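Chemist: Data: input05.txt, compact mmCIF, C-alpha atoms and all ligand atoms.
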# COMPACT_ATOMS: atom_id res chain seq x y z
CA MET N 1 0.00 0.00 0.00
CA TYR N 2 2.90 2.35 0.82
CA ALA N 3 6.25 2.39 -1.01
CA THR N 4 8.58 4.06 1.49
CA ILE N 5 7.04 3.02 4.79
CA GLN N 6 5.60 -0.18 6.20
CA THR N 7 2.62 -0.35 8.51
CA GLN N 8 1.32 -3.13 10.69
CA LEU N 9 -1.60 -3.12 13.11
CA GLU N 10 -1.31 -5.59 15.99
CA ASN N 11 -3.25 -5.52 19.27
CA GLY N 12 -4.31 -1.93 18.60
CA THR N 13 -0.73 -0.73 18.12
CA PHE N 14 0.04 0.64 14.67
CA LEU N 15 3.73 0.08 13.89
CA ILE N 16 4.99 2.53 11.26
CA THR N 17 8.46 1.69 9.92
CA ILE N 18 10.24 4.16 7.66
CA ASN N 19 11.77 1.90 5.07
CA ARG N 20 14.71 3.33 3.12
CA PRO N 21 17.52 1.59 5.01
CA ASP N 22 20.02 2.02 2.16
CA LYS N 23 19.58 5.79 2.55
CA MET N 24 19.52 5.73 6.35
CA ASN N 25 15.71 6.18 6.12
CA ALA N 26 16.19 9.81 5.02
CA LEU N 27 12.97 11.77 4.66
CA ASN N 28 12.40 12.50 1.00
CA LYS N 29 9.16 13.90 -0.44
CA ASP N 30 7.64 10.44 -0.78
CA VAL N 31 8.33 9.53 2.84
CA ILE N 32 6.85 12.80 4.06
CA GLN N 33 3.73 12.24 1.94
CA GLU N 34 3.26 8.63 3.02
CA LEU N 35 4.07 9.29 6.66
CA GLY N 36 1.45 12.02 6.74
CA ASP N 37 -1.06 9.72 5.04
CA ALA N 38 -0.33 7.05 7.65
CA ILE N 39 -0.91 9.57 10.44
CA ASP N 40 -4.25 10.42 8.80
CA GLU N 41 -5.04 6.70 9.12
CA VAL N 42 -4.20 6.94 12.80
CA TYR N 43 -6.69 9.76 13.24
CA ASN N 44 -9.42 8.04 11.21
CA ASN N 45 -9.16 4.32 12.01
CA PRO N 46 -10.85 3.44 15.33
CA GLU N 47 -8.96 0.12 15.41
CA ILE N 48 -5.71 2.05 15.93
CA LYS N 49 -5.27 2.81 19.64
CA THR N 50 -1.55 3.67 19.87
CA VAL N 51 1.32 4.18 17.44
CA LEU N 52 4.98 3.17 17.41
CA LEU N 53 7.22 4.92 14.88
CA THR N 54 10.61 3.44 13.98
CA GLY N 55 13.13 3.04 11.17
CA ALA N 56 14.07 -0.05 9.17
CA GLY N 57 17.41 -1.72 9.74
CA GLU N 58 19.85 -1.56 12.61
CA LYS N 59 21.67 1.68 11.79
CA ALA N 60 19.22 4.52 11.52
CA PHE N 61 15.90 5.74 12.83
CA VAL N 62 16.06 8.58 10.30
CA ALA N 63 19.33 10.33 9.31
CA GLY N 64 17.56 13.53 8.34
CA ALA N 65 15.74 15.13 5.49
CA ASP N 66 16.98 13.83 2.15
CA ILE N 67 19.89 16.14 1.36
CA SER N 68 19.79 15.17 -2.33
CA GLU N 69 16.48 17.04 -2.66
CA PHE N 70 17.93 20.33 -1.35
CA GLY N 71 19.96 21.27 -4.44
CA SER N 72 17.19 22.83 -6.48
CA LEU N 73 15.49 24.72 -3.66
CA ASP N 74 15.40 28.51 -3.31
CA LYS N 75 14.04 30.48 -0.36
CA GLN N 76 10.42 29.77 -1.22
CA GLY N 77 11.22 26.13 -1.93
CA GLY N 78 12.86 25.76 1.48
CA MET N 79 9.89 27.36 3.19
CA ASP N 80 7.45 25.16 1.28
CA LEU N 81 9.43 22.02 2.22
CA ALA N 82 9.44 22.95 5.90
CA ARG N 83 5.79 23.99 5.96
CA LYS N 84 4.54 20.91 4.11
CA GLY N 85 6.44 18.64 6.50
CA GLY N 86 5.21 20.55 9.52
CA ASP N 87 1.58 20.54 8.45
CA HIS N 88 1.40 17.07 6.95
CA VAL N 89 3.54 15.16 9.45
CA PHE N 90 5.20 16.78 12.45
CA ASN N 91 2.34 18.86 13.87
CA LYS N 92 -0.19 16.09 13.19
CA ILE N 93 1.98 13.66 15.17
CA GLU N 94 2.39 16.09 18.05
CA ASN N 95 -1.32 16.90 18.18
CA SER N 96 -2.55 13.34 17.72
CA PRO N 97 -5.17 12.39 20.32
CA LYS N 98 -3.73 8.87 20.24
CA PRO N 99 -0.30 8.25 21.77
CA ILE N 100 2.53 8.20 19.22
CA ILE N 101 5.96 7.23 20.49
CA ALA N 102 9.26 6.92 18.69
CA ALA N 103 11.40 3.79 18.96
CA VAL N 104 14.75 5.29 17.99
CA ASN N 105 16.88 2.43 16.66
CA GLY N 106 20.02 4.26 15.51
CA PHE N 107 20.85 7.68 14.03
CA ALA N 108 18.18 10.30 14.64
CA LEU N 109 19.75 13.30 12.95
CA GLY N 110 18.30 16.52 11.62
CA GLY N 111 14.75 15.79 10.48
CA GLY N 112 15.07 12.40 12.18
CA CYS N 113 15.73 13.96 15.56
CA GLU N 114 12.88 16.39 14.82
CA LEU N 115 10.57 13.50 13.91
CA ALA N 116 11.39 11.72 17.16
CA MET N 117 10.81 14.96 19.07
CA ALA N 118 7.41 15.49 17.44
CA CYS N 119 6.34 12.15 18.95
CA HIS N 120 4.83 12.22 22.43
CA PHE N 121 7.96 10.64 23.89
CA ARG N 122 10.96 8.59 22.83
CA ILE N 123 12.48 5.21 23.65
CA ALA N 124 15.97 4.53 22.33
CA SER N 125 18.23 1.59 21.64
CA GLU N 126 21.73 1.66 23.11
CA ASN N 127 23.22 2.52 19.70
CA ALA N 128 20.93 5.52 19.12
CA LYS N 129 22.51 8.87 18.34
CA PHE N 130 20.71 12.20 18.29
CA GLY N 131 21.76 15.47 16.75
CA GLN N 132 20.85 18.54 14.72
CA PRO N 133 23.79 18.70 12.28
CA GLU N 134 22.20 21.18 9.84
CA VAL N 135 24.85 23.86 10.50
CA ASN N 136 27.33 21.53 8.78
CA LEU N 137 25.25 22.04 5.61
CA GLY N 138 24.75 25.78 5.98
CA LEU N 139 21.26 25.15 7.28
CA ILE N 140 19.22 25.10 10.46
CA PRO N 141 16.48 22.70 11.60
CA GLY N 142 13.27 23.28 9.62
CA TYR N 143 10.84 20.74 11.01
CA GLY N 144 10.47 22.36 14.43
CA GLY N 145 13.84 21.31 15.84
CA THR N 146 14.85 24.61 17.41
CA GLN N 147 11.52 24.80 19.19
CA ARG N 148 11.01 21.23 20.34
CA LEU N 149 14.65 20.64 21.31
CA THR N 150 14.52 23.72 23.53
CA GLN N 151 11.22 22.56 25.04
CA LEU N 152 12.69 19.15 25.81
CA ILE N 153 16.23 19.84 27.02
CA GLY N 154 16.31 23.56 27.84
CA LYS N 155 17.91 26.57 26.20
CA GLY N 156 21.60 26.13 27.04
CA LYS N 157 21.99 22.58 25.83
CA ALA N 158 19.74 23.18 22.80
CA MET N 159 21.89 26.16 21.84
CA GLU N 160 25.03 24.04 22.07
CA LEU N 161 23.61 21.19 19.99
CA VAL N 162 22.23 23.37 17.17
CA MET N 163 25.42 25.46 17.05
CA THR N 164 27.92 22.58 17.10
CA GLY N 165 25.90 19.95 15.24
CA ASP N 166 27.34 17.45 17.76
CA MET N 167 25.62 14.11 18.33
CA VAL N 168 24.66 12.73 21.74
CA GLY N 169 24.41 9.02 22.49
CA ALA N 170 21.43 7.25 24.03
CA GLU N 171 22.51 7.53 27.67
CA GLU N 172 23.31 11.24 27.37
CA ALA N 173 20.01 11.76 25.56
CA LYS N 174 18.30 10.08 28.50
CA ALA N 175 20.13 12.27 31.00
CA LEU N 176 19.05 15.32 28.99
CA GLY N 177 15.38 14.27 28.98
CA LEU N 178 15.35 13.68 25.25
CA VAL N 179 14.55 9.97 25.68
CA ASN N 180 12.69 8.23 28.48
CA HIS N 181 14.19 4.73 28.35
CA VAL N 182 17.19 3.01 26.75
CA TYR N 183 17.16 -0.69 25.84
CA PRO N 184 19.36 -3.07 23.86
CA LEU N 185 18.43 -2.84 20.19
CA ALA N 186 17.01 -6.40 20.21
CA ASP N 187 14.50 -5.43 22.94
CA LEU N 188 13.55 -1.97 21.66
CA ILE N 189 10.34 -2.81 19.80
CA THR N 190 9.09 -5.34 22.38
CA LYS N 191 9.66 -2.97 25.29
CA SER N 192 8.06 -0.07 23.41
CA LYS N 193 5.03 -2.18 22.54
CA GLU N 194 4.70 -3.27 26.18
CA LEU N 195 4.55 0.36 27.27
CA LEU N 196 1.91 1.13 24.63
CA GLN N 197 -0.15 -1.89 25.72
CA LYS N 198 -0.09 -0.50 29.25
CA ILE N 199 -1.33 2.89 27.99
CA GLN N 200 -4.07 1.09 26.05
CA THR N 201 -5.56 -0.14 29.33
CA LYS N 202 -6.18 3.49 30.38
CA ALA N 203 -9.16 5.67 29.47
CA PRO N 204 -8.53 6.84 25.87
CA VAL N 205 -10.46 10.12 26.09
CA ALA N 206 -8.61 11.04 29.28
CA VAL N 207 -5.29 10.15 27.62
CA ALA N 208 -6.20 12.37 24.64
CA HIS N 209 -6.99 15.31 26.95
CA ALA N 210 -3.73 14.73 28.82
CA ILE N 211 -1.71 14.81 25.59
CA ALA N 212 -3.27 18.11 24.53
CA LEU N 213 -2.60 19.69 27.92
CA VAL N 214 1.02 18.60 28.21
CA ASN N 215 1.46 20.03 24.70
CA ASP N 216 -0.07 23.31 25.96
CA ALA N 217 2.48 23.42 28.75
CA ALA N 218 5.41 22.57 26.48
CA LYS N 219 4.42 25.37 24.11
CA GLY N 220 3.96 27.83 26.96
CA ASN N 221 0.29 28.30 26.10
CA PRO N 222 -1.01 30.83 28.64
CA ASP N 223 -4.44 29.15 28.45
CA GLY N 224 -2.99 25.84 29.66
CA PHE N 225 -4.32 26.06 33.22
CA ASN N 226 -7.77 27.09 32.04
CA ASN N 227 -7.76 24.39 29.37
CA GLU N 228 -6.97 21.85 32.06
CA ILE N 229 -10.00 22.94 34.08
CA GLU N 230 -12.23 22.61 31.00
CA ARG N 231 -10.84 19.26 29.92
CA PHE N 232 -10.99 17.98 33.51
CA GLY N 233 -14.68 18.89 33.49
CA ALA N 234 -15.20 17.26 30.11
CA CYS N 235 -13.90 13.96 31.51
CA PHE N 236 -16.84 13.94 33.94
CA GLU N 237 -19.18 13.63 30.96
CA THR N 238 -17.55 10.40 29.73
CA GLU N 239 -18.77 6.85 30.23
CA ASP N 240 -15.16 5.97 30.99
CA LYS N 241 -15.17 8.20 34.09
CA VAL N 242 -18.21 6.28 35.38
CA GLU N 243 -16.51 2.99 34.55
CA GLY N 244 -13.15 4.00 36.05
CA THR N 245 -14.51 5.30 39.34
CA THR N 246 -17.05 2.47 39.68
CA ALA N 247 -14.42 -0.17 38.98
CA PHE N 248 -12.17 1.33 41.65
CA LEU N 249 -14.92 1.22 44.25
CA GLU N 250 -15.87 -2.33 43.22
CA LYS N 251 -12.20 -3.37 43.45
CA ARG N 252 -12.01 -4.60 39.85
CA LYS N 253 -10.14 -3.57 36.71
CA PRO N 254 -11.95 -1.02 34.54
CA ALA N 255 -12.98 -1.85 30.97
CA PHE N 256 -12.79 1.45 29.14
CA LYS N 257 -14.64 2.05 25.88
CA GLY N 258 -13.14 5.35 24.83
CA LYS N 259 -16.49 7.09 25.24
N1 LIG G 1 19.99 12.49 2.96
C1 LIG G 1 20.27 11.75 1.87
N2 LIG G 1 21.02 10.65 1.89
C2 LIG G 1 21.51 10.26 3.08
C3 LIG G 1 21.28 10.98 4.27
C4 LIG G 1 20.48 12.15 4.17
N3 LIG G 1 20.18 12.88 5.25
N4 LIG G 1 21.91 10.36 5.29
C5 LIG G 1 22.53 9.28 4.75
N5 LIG G 1 22.28 9.22 3.43
C6 LIG G 1 22.77 8.22 2.47
C7 LIG G 1 24.23 8.41 2.11
O1 LIG G 1 24.37 9.40 1.11
C8 LIG G 1 24.59 7.02 1.63
O2 LIG G 1 24.08 6.86 0.33
P1 LIG G 1 24.96 6.08 -0.80
O3 LIG G 1 25.17 4.70 -0.23
O4 LIG G 1 24.07 6.10 -2.01
O5 LIG G 1 26.22 6.86 -0.93
C9 LIG G 1 23.77 6.12 2.54
O6 LIG G 1 22.71 6.93 3.06
C10 LIG G 1 24.55 5.58 3.71
O7 LIG G 1 25.12 6.67 4.42
P2 LIG G 1 26.69 6.78 4.77
O8 LIG G 1 27.01 8.22 4.97
O9 LIG G 1 27.48 6.02 3.75
O10 LIG G 1 26.72 5.97 6.16
P3 LIG G 1 27.72 6.18 7.36
O11 LIG G 1 27.44 5.03 8.30
O12 LIG G 1 29.09 6.39 6.90
O13 LIG G 1 27.23 7.55 8.08
C11 LIG G 1 25.62 9.13 8.93
C12 LIG G 1 25.96 7.66 8.65
C13 LIG G 1 24.18 9.18 9.38
C14 LIG G 1 26.53 9.70 10.02
C15 LIG G 1 25.81 9.97 7.64
O14 LIG G 1 25.09 9.34 6.59
C16 LIG G 1 25.32 11.39 7.73
O15 LIG G 1 26.00 12.22 8.30
N6 LIG G 1 24.14 11.68 7.15
C17 LIG G 1 23.62 13.01 7.05
C18 LIG G 1 23.11 13.50 8.37
C19 LIG G 1 22.59 14.91 8.23
O16 LIG G 1 23.30 15.84 7.98
N7 LIG G 1 21.29 15.06 8.44
C20 LIG G 1 20.65 16.34 8.41
C21 LIG G 1 20.03 16.57 7.10
S1 LIG G 1 19.21 18.15 7.08
Take the structure from the file and write it as structure tokens.
Ligand code: COA

Modeler:
Amino acid sequence: MYATIQTQLENGTFLITINRPDKMNALNKDVIQELGDAIDEVYNNPEIKTVLLTGAGEKAFVAGADISEFGSLDKQGGMDLARKGGDHVFNKIENSPKPIIAAVNGFALGGGCELAMACHFRIASENAKFGQPEVNLGLIPGYGGTQRLTQLIGKGKAMELVMTGDMVGAEEAKALGLVNHVYPLADLITKSKELLQKIQTKAPVAVAHAIALVNDAAKGNPDGFNNEIERFGACFETEDKVEGTTAFLEKRKPAFKGK
């Protein structure tokens, strides 16, 4: 169905694998188009409960935007590339009401680091490497990297990484707050899926509200506190709130319906 990505739905988890391993899974136009189409599927298919995003092979998650497509671009072309990616992929991932996490299985550079950062959180293999090396090319991040890196690791370290283009390994990325967990490569997908299965036992509408509110905070939205009050109230109108509170009082596990 797709040419540059693979998708697989298992136990409610939609595994999206970017599949250009001979090019380090670099994001060319086709990948951006298909990735965005796959995220549309996530929004529209009720069978999809959670999403795991990874790269094919054992070397790279994504080693950046496809540099071979940059040659012909002028100012407007660069802006169009960045905007299309932002609208069609990165912002849709960030704003997805369903959890989307990145399983970073190797290099996550440039657009690859930005793609991982657009996800709700990141799990890395021990060989993962993160960086924003655009300054080596006379460029800067264009898929939200300056903004999301600063949100995630703070101004000083973000400044250093975007100025030097240096890479950080998985353990340093964890210490910086860029990734939540580090596992051996062989365990990465299994461990990530286990975490998503755990999230799938929680109330989906509440999880969706929580995602939106943490995003408010990360973006410094001044309405965040008020939005939390409204979304907290909205939870009281859900069947899942009745189920969750009743199940607690009846000392049984809740069976949430996402309503
Ligand atoms: N765009 C296009 N092609 C890319 C790419 C990218 N971002 N990253 C890697 N590739 C290609 C290489 O050109 C090479 O293609 P070839 O076999 O046809 O020559 C192939 O992927 C393998 O990469 P190679 O550089 O040979 O592997 P390596 O193990 O020596 O190095 C990296 C791996 C990731 C360190 C190196 O490929 C790299 O620095 N990539 C660019 C990272 C970058 O600047 N990203 C930001 C882009 S804005």

Chemist: Of the candidates N:Ile93, N:Ile48, N:Met167, N:Ala255, which one gets nearest to Asn127 of chain N if we count all atoms listed in the file?

Modeler: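 Going through N:Ile93, N:Ile48, N:Met167, N:Ala255 one by one, the smallest distance to Asn127 of chain N is for N:Met167.
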
Chemist: Using all atoms listed in the file for the distances, tell me which of N:Gly177, N:Pro46, N:Gly144, N:Pro21 is nearest to ligand LIG 1 (chain G).

Modeler: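 Nearest to ligand LIG 1 (chain G): N:Pro21.
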
Chemist: N:Gly77, N:Gly106, N:Gly220, N:Gly258: which is nearest ligand LIG 1 (chain G), counting only C-alpha atoms and all ligand atoms?

Modeler: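 The answer is N:Gly106, which sits nearest to ligand LIG 1 (chain G).
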
Chemist: Which residue, N:Val182, N:Val89, N:Leu52, N:Leu35, has the smallest gap to Glu194 of chain N when you use all atoms listed in the file?

Modeler: N:Leu52

Chemist: Could you give me, as a list in words, the residues within 9 Å of Arg148 of chain N, counting all atoms listed in the file and dropping anything in the same chain fewer than 6 positions from it?

Modeler: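 Non-adjacent residues within range: Glu114, Met117, Ala118, Ala218 and Lys219 of chain N.
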
Chemist: For Asn45 of chain N, work out the shell of residues within 12 Å, counting all atoms listed in the file and skipping chain neighbours fewer than 6 positions away, then give it as a PyMOL selection string.

Modeler: chain N and resi 9+12-14+37-39+51+98

Chemist: At a cut-off of 10 Å, using only C-alpha atoms, what residues contact Asn91 of chain N? Leave out same-chain residues fewer than 6 positions from it and give the result as a short mmCIF file (atom, residue, chain, number, x, y, z; two decimals) with C-alpha atoms, in the frame of the given file.

Modeler:
data_model
loop_
_atom_site.label_atom_id
_atom_site.label_comp_id
_atom_site.auth_asym_id
_atom_site.auth_seq_id
_atom_site.Cartn_x
_atom_site.Cartn_y
_atom_site.Cartn_z
CA GLY N 36 1.45 12.02 6.74
CA GLY N 85 6.44 18.64 6.50
CA LEU N 115 10.57 13.50 13.91
CA ALA N 118 7.41 15.49 17.44
CA CYS N 119 6.34 12.15 18.95
CA TYR N 143 10.84 20.74 11.01
CA GLY N 144 10.47 22.36 14.43
#

Chemist: May I ask you to write as a compact mmCIF listing (two decimals) with C-alpha atoms, keeping the file's coordinate frame all residues lying at most 6 Å from ligand LIG 1 (chain G), with all atoms listed in the file counted?

Modeler:
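Output below, filename selection11.txt:
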# COMPACT_ATOMS: atom_id res chain seq x y z
CA ASP N 22 20.02 2.02 2.16
CA LYS N 23 19.58 5.79 2.55
CA MET N 24 19.52 5.73 6.35
CA ALA N 26 16.19 9.81 5.02
CA ALA N 63 19.33 10.33 9.31
CA GLY N 64 17.56 13.53 8.34
CA ALA N 65 15.74 15.13 5.49
CA ASP N 66 16.98 13.83 2.15
CA ILE N 67 19.89 16.14 1.36
CA SER N 68 19.79 15.17 -2.33
CA PHE N 107 20.85 7.68 14.03
CA LEU N 109 19.75 13.30 12.95
CA GLY N 110 18.30 16.52 11.62
CA PRO N 133 23.79 18.70 12.28
CA GLU N 134 22.20 21.18 9.84

Chemist: How far is it from atom CA of Val42 of chain N to atom CA of Ala108 of chain N, in Å with one decimal?

Modeler: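 Between atom CA of Val42 of chain N and atom CA of Ala108 of chain N the gap works out to 22.7 Å.
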
Chemist: From the options N:Ile100, N:Asn226, N:Leu27, N:Val135, which residue's atoms come nearest to Ile199 of chain N, counting only C-alpha atoms?

Modeler: N:Ile100

Chemist: Could I get segment 208-220 of chain N rebuilt with N, CA, C and O atoms, written as a PDB file, in the coordinates of the input?

Modeler:
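selection-v7.pdb was written with the following content:
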ATOM      1  N   ALA N 208      -6.210  11.348  25.699  1.00  0.00           N
ATOM      2  CA  ALA N 208      -6.200  12.370  24.640  1.00  0.00           C
ATOM      3  C   ALA N 208      -6.177  13.779  25.246  1.00  0.00           C
ATOM      4  O   ALA N 208      -5.431  14.657  24.786  1.00  0.00           O
ATOM      5  N   HIS N 209      -6.996  13.993  26.276  1.00  0.00           N
ATOM      6  CA  HIS N 209      -6.990  15.310  26.950  1.00  0.00           C
ATOM      7  C   HIS N 209      -5.617  15.578  27.563  1.00  0.00           C
ATOM      8  O   HIS N 209      -5.103  16.700  27.480  1.00  0.00           O
ATOM      9  N   ALA N 210      -5.038  14.552  28.176  1.00  0.00           N
ATOM     10  CA  ALA N 210      -3.730  14.730  28.820  1.00  0.00           C
ATOM     11  C   ALA N 210      -2.664  15.124  27.805  1.00  0.00           C
ATOM     12  O   ALA N 210      -1.839  16.014  28.061  1.00  0.00           O
ATOM     13  N   ILE N 211      -2.683  14.473  26.643  1.00  0.00           N
ATOM     14  CA  ILE N 211      -1.710  14.810  25.590  1.00  0.00           C
ATOM     15  C   ILE N 211      -1.831  16.284  25.210  1.00  0.00           C
ATOM     16  O   ILE N 211      -0.831  17.017  25.136  1.00  0.00           O
ATOM     17  N   ALA N 212      -3.059  16.720  24.966  1.00  0.00           N
ATOM     18  CA  ALA N 212      -3.270  18.110  24.530  1.00  0.00           C
ATOM     19  C   ALA N 212      -2.767  19.090  25.587  1.00  0.00           C
ATOM     20  O   ALA N 212      -2.173  20.133  25.263  1.00  0.00           O
ATOM     21  N   LEU N 213      -2.979  18.759  26.846  1.00  0.00           N
ATOM     22  CA  LEU N 213      -2.600  19.690  27.920  1.00  0.00           C
ATOM     23  C   LEU N 213      -1.101  19.726  28.150  1.00  0.00           C
ATOM     24  O   LEU N 213      -0.535  20.803  28.397  1.00  0.00           O
ATOM     25  N   VAL N 214      -0.447  18.583  28.072  1.00  0.00           N
ATOM     26  CA  VAL N 214       1.020  18.600  28.210  1.00  0.00           C
ATOM     27  C   VAL N 214       1.614  19.384  27.032  1.00  0.00           C
ATOM     28  O   VAL N 214       2.571  20.147  27.193  1.00  0.00           O
ATOM     29  N   ASN N 215       1.015  19.228  25.847  1.00  0.00           N
ATOM     30  CA  ASN N 215       1.460  20.030  24.700  1.00  0.00           C
ATOM     31  C   ASN N 215       1.268  21.527  24.971  1.00  0.00           C
ATOM     32  O   ASN N 215       2.124  22.338  24.620  1.00  0.00           O
ATOM     33  N   ASP N 216       0.147  21.895  25.583  1.00  0.00           N
ATOM     34  CA  ASP N 216      -0.070  23.310  25.960  1.00  0.00           C
ATOM     35  C   ASP N 216       1.082  23.807  26.816  1.00  0.00           C
ATOM     36  O   ASP N 216       1.638  24.884  26.585  1.00  0.00           O
ATOM     37  N   ALA N 217       1.416  23.012  27.824  1.00  0.00           N
ATOM     38  CA  ALA N 217       2.480  23.420  28.750  1.00  0.00           C
ATOM     39  C   ALA N 217       3.815  23.545  28.026  1.00  0.00           C
ATOM     40  O   ALA N 217       4.544  24.522  28.204  1.00  0.00           O
ATOM     41  N   ALA N 218       4.126  22.551  27.188  1.00  0.00           N
ATOM     42  CA  ALA N 218       5.410  22.570  26.480  1.00  0.00           C
ATOM     43  C   ALA N 218       5.536  23.785  25.583  1.00  0.00           C
ATOM     44  O   ALA N 218       6.623  24.331  25.388  1.00  0.00           O
ATOM     45  N   LYS N 219       4.397  24.211  25.013  1.00  0.00           N
ATOM     46  CA  LYS N 219       4.420  25.370  24.110  1.00  0.00           C
ATOM     47  C   LYS N 219       4.251  26.683  24.857  1.00  0.00           C
ATOM     48  O   LYS N 219       4.185  27.739  24.235  1.00  0.00           O
ATOM     49  N   GLY N 220       4.132  26.607  26.181  1.00  0.00           N
ATOM     50  CA  GLY N 220       3.960  27.830  26.960  1.00  0.00           C
ATOM     51  C   GLY N 220       2.630  28.509  26.694  1.00  0.00           C
ATOM     52  O   GLY N 220       2.513  29.739  26.787  1.00  0.00           O
TER      53      GLY N 220
END
